[in-house]
Amino acid sequence: MSPRIIWANGRRDPDVAVYISEHNSQCAGCGNGLKRHDMITRNGEGSYCLSCSELDGLEFLPAGSTSVTGLAMGYTGRKIIVYQGSEDFSKRVGILAPAEAIRRAQAKSQRIAEAKAAIHDWRQHSPAA
């Protein structure tokens with residue numbers, strides 16, 4: 001299990017950083033090979049696969065829609081941010097979240113967008129008071 005995910009007092013860390021690996025390496029937890037572009041967590045002891053980090057089973061949601069990302073993180077209660085780049089410079093490329101949270105977030109974001117469009121259309125076509 002990755003020490004990056006569990007605090008010393010045993011509580012789960014609500015904010016987790018996941019990185020897209022820049023090179024081949026080995027998981028410090030299970031010893032399995034990690035390939036370039038695999039998602040990993042890191043700490044002072046090395047790199048960990050998502051399984052050892054207890055993050056397997058989550059889906060990647062690419063950056064792009066602030067609304068969907070924010071809603072998905074709200075449904076999960078955890079921020080699991082995915083970064084790409086070197087240790088000197090990394091950029092945020094998305095999040096990991098349960099598939100159901102992503103689906104719910106996308107559906108709610110769509111409903112919000114439709115409601116905003118309807119209000120905009122109504123304002124454009126309503127007679128001035």
# chains A, B, ... in the order shown; residues from 1 in each chain; ligands from 1

call {"tool": "select_by_dssp", "arguments": {"residues": "region 52-119 of chain A", "states": "helix (DSSP H, G or I)", "output": "PyMOL selection string"}}
result
chain A and resi 66-76+99-119

call {"tool": "residues_around", "arguments": {"residues": "Leu71 (chain A)", "least_positions_apart": "5", "cutoff": "12 Å", "atoms": "only C-alpha atoms", "output": "list in words"}}
result
Leu61, Ser65, Thr66, Thr76, Gly77, Arg78, Lys79, Ile95, Ala97, Glu100, Ala101, Ile102, Arg103, Arg104, Ala105, Gln106, Ala107, Lys108, Ser109, Gln110 and Ile112 of chain A

call {"tool": "write_last_selection", "arguments": {"atoms": "N, CA, C and O atoms", "output": "PDB file, in the first residue's frame"}}
result
ATOM      1  N   LEU A  61     -10.855  11.344 -16.042  1.00  0.00           N
ATOM      2  CA  LEU A  61     -11.668  12.400 -16.647  1.00  0.00           C
ATOM      3  C   LEU A  61     -10.707  13.501 -17.073  1.00  0.00           C
ATOM      4  O   LEU A  61     -10.114  14.177 -16.222  1.00  0.00           O
ATOM      5  N   SER A  65     -13.659  20.522 -18.879  1.00  0.00           N
ATOM      6  CA  SER A  65     -14.921  21.074 -18.399  1.00  0.00           C
ATOM      7  C   SER A  65     -14.825  21.285 -16.889  1.00  0.00           C
ATOM      8  O   SER A  65     -14.889  20.337 -16.111  1.00  0.00           O
ATOM      9  N   THR A  66     -14.682  22.538 -16.500  1.00  0.00           N
ATOM     10  CA  THR A  66     -14.583  22.865 -15.082  1.00  0.00           C
ATOM     11  C   THR A  66     -15.829  22.414 -14.337  1.00  0.00           C
ATOM     12  O   THR A  66     -15.755  21.918 -13.208  1.00  0.00           O
ATOM     13  N   THR A  76     -17.429  12.522  -5.232  1.00  0.00           N
ATOM     14  CA  THR A  76     -16.516  11.538  -4.658  1.00  0.00           C
ATOM     15  C   THR A  76     -16.032  11.918  -3.269  1.00  0.00           C
ATOM     16  O   THR A  76     -15.678  11.053  -2.483  1.00  0.00           O
ATOM     17  N   GLY A  77     -15.970  13.206  -2.966  1.00  0.00           N
ATOM     18  CA  GLY A  77     -15.462  13.645  -1.674  1.00  0.00           C
ATOM     19  C   GLY A  77     -13.945  13.644  -1.592  1.00  0.00           C
ATOM     20  O   GLY A  77     -13.377  13.938  -0.554  1.00  0.00           O
ATOM     21  N   ARG A  78     -13.268  13.300  -2.672  1.00  0.00           N
ATOM     22  CA  ARG A  78     -11.806  13.300  -2.723  1.00  0.00           C
ATOM     23  C   ARG A  78     -11.343  13.990  -3.992  1.00  0.00           C
ATOM     24  O   ARG A  78     -12.008  13.911  -5.015  1.00  0.00           O
ATOM     25  N   LYS A  79     -10.200  14.646  -3.900  1.00  0.00           N
ATOM     26  CA  LYS A  79      -9.586  15.225  -5.092  1.00  0.00           C
ATOM     27  C   LYS A  79      -8.410  14.348  -5.476  1.00  0.00           C
ATOM     28  O   LYS A  79      -7.437  14.255  -4.732  1.00  0.00           O
ATOM     29  N   ILE A  95      -8.554  14.309 -13.711  1.00  0.00           N
ATOM     30  CA  ILE A  95      -8.771  13.726 -12.388  1.00  0.00           C
ATOM     31  C   ILE A  95      -9.088  12.244 -12.541  1.00  0.00           C
ATOM     32  O   ILE A  95      -9.417  11.777 -13.628  1.00  0.00           O
ATOM     33  N   ALA A  97     -11.794   9.508 -10.892  1.00  0.00           N
ATOM     34  CA  ALA A  97     -13.040   9.465 -10.129  1.00  0.00           C
ATOM     35  C   ALA A  97     -13.792   8.182 -10.478  1.00  0.00           C
ATOM     36  O   ALA A  97     -13.562   7.590 -11.537  1.00  0.00           O
ATOM     37  N   GLU A 100     -19.404   6.229 -11.903  1.00  0.00           N
ATOM     38  CA  GLU A 100     -20.742   6.747 -11.576  1.00  0.00           C
ATOM     39  C   GLU A 100     -20.687   8.242 -11.266  1.00  0.00           C
ATOM     40  O   GLU A 100     -21.585   8.991 -11.645  1.00  0.00           O
ATOM     41  N   ALA A 101     -19.646   8.701 -10.580  1.00  0.00           N
ATOM     42  CA  ALA A 101     -19.511  10.123 -10.274  1.00  0.00           C
ATOM     43  C   ALA A 101     -19.321  10.932 -11.558  1.00  0.00           C
ATOM     44  O   ALA A 101     -19.901  12.016 -11.705  1.00  0.00           O
ATOM     45  N   ILE A 102     -18.530  10.406 -12.480  1.00  0.00           N
ATOM     46  CA  ILE A 102     -18.318  11.095 -13.755  1.00  0.00           C
ATOM     47  C   ILE A 102     -19.619  11.144 -14.547  1.00  0.00           C
ATOM     48  O   ILE A 102     -19.995  12.188 -15.083  1.00  0.00           O
ATOM     49  N   ARG A 103     -20.345  10.030 -14.599  1.00  0.00           N
ATOM     50  CA  ARG A 103     -21.610   9.985 -15.335  1.00  0.00           C
ATOM     51  C   ARG A 103     -22.611  10.982 -14.743  1.00  0.00           C
ATOM     52  O   ARG A 103     -23.252  11.739 -15.466  1.00  0.00           O
ATOM     53  N   ARG A 104     -22.744  10.987 -13.419  1.00  0.00           N
ATOM     54  CA  ARG A 104     -23.666  11.923 -12.758  1.00  0.00           C
ATOM     55  C   ARG A 104     -23.272  13.374 -13.021  1.00  0.00           C
ATOM     56  O   ARG A 104     -24.120  14.233 -13.281  1.00  0.00           O
ATOM     57  N   ALA A 105     -21.967  13.651 -12.961  1.00  0.00           N
ATOM     58  CA  ALA A 105     -21.476  15.008 -13.188  1.00  0.00           C
ATOM     59  C   ALA A 105     -21.751  15.463 -14.620  1.00  0.00           C
ATOM     60  O   ALA A 105     -22.161  16.602 -14.852  1.00  0.00           O
ATOM     61  N   GLN A 106     -21.523  14.582 -15.590  1.00  0.00           N
ATOM     62  CA  GLN A 106     -21.779  14.934 -16.985  1.00  0.00           C
ATOM     63  C   GLN A 106     -23.263  15.201 -17.220  1.00  0.00           C
ATOM     64  O   GLN A 106     -23.633  16.156 -17.906  1.00  0.00           O
ATOM     65  N   ALA A 107     -24.123  14.366 -16.631  1.00  0.00           N
ATOM     66  CA  ALA A 107     -25.567  14.542 -16.800  1.00  0.00           C
ATOM     67  C   ALA A 107     -26.041  15.854 -16.161  1.00  0.00           C
ATOM     68  O   ALA A 107     -26.822  16.602 -16.756  1.00  0.00           O
ATOM     69  N   LYS A 108     -25.563  16.139 -14.952  1.00  0.00           N
ATOM     70  CA  LYS A 108     -25.980  17.370 -14.282  1.00  0.00           C
ATOM     71  C   LYS A 108     -25.458  18.598 -15.011  1.00  0.00           C
ATOM     72  O   LYS A 108     -26.177  19.590 -15.173  1.00  0.00           O
ATOM     73  N   SER A 109     -24.226  18.546 -15.485  1.00  0.00           N
ATOM     74  CA  SER A 109     -23.652  19.658 -16.232  1.00  0.00           C
ATOM     75  C   SER A 109     -24.454  19.921 -17.507  1.00  0.00           C
ATOM     76  O   SER A 109     -24.700  21.075 -17.870  1.00  0.00           O
ATOM     77  N   GLN A 110     -24.903  18.854 -18.173  1.00  0.00           N
ATOM     78  CA  GLN A 110     -25.727  18.992 -19.371  1.00  0.00           C
ATOM     79  C   GLN A 110     -27.064  19.656 -19.037  1.00  0.00           C
ATOM     80  O   GLN A 110     -27.518  20.544 -19.753  1.00  0.00           O
ATOM     81  N   ILE A 112     -27.695  21.676 -16.543  1.00  0.00           N
ATOM     82  CA  ILE A 112     -27.427  23.075 -16.215  1.00  0.00           C
ATOM     83  C   ILE A 112     -27.239  23.886 -17.495  1.00  0.00           C
ATOM     84  O   ILE A 112     -27.790  24.983 -17.629  1.00  0.00           O
TER      85      ILE A 112
END

call {"tool": "residues_around", "arguments": {"residues": "region 13-22 of chain A", "least_positions_apart": "2", "cutoff": "10 Å", "atoms": "only C-alpha atoms", "output": "PyMOL selection string"}}
result
chain A and resi 3-7+10-11+24-25+34-42+47-50+53+55+76-87+90-96
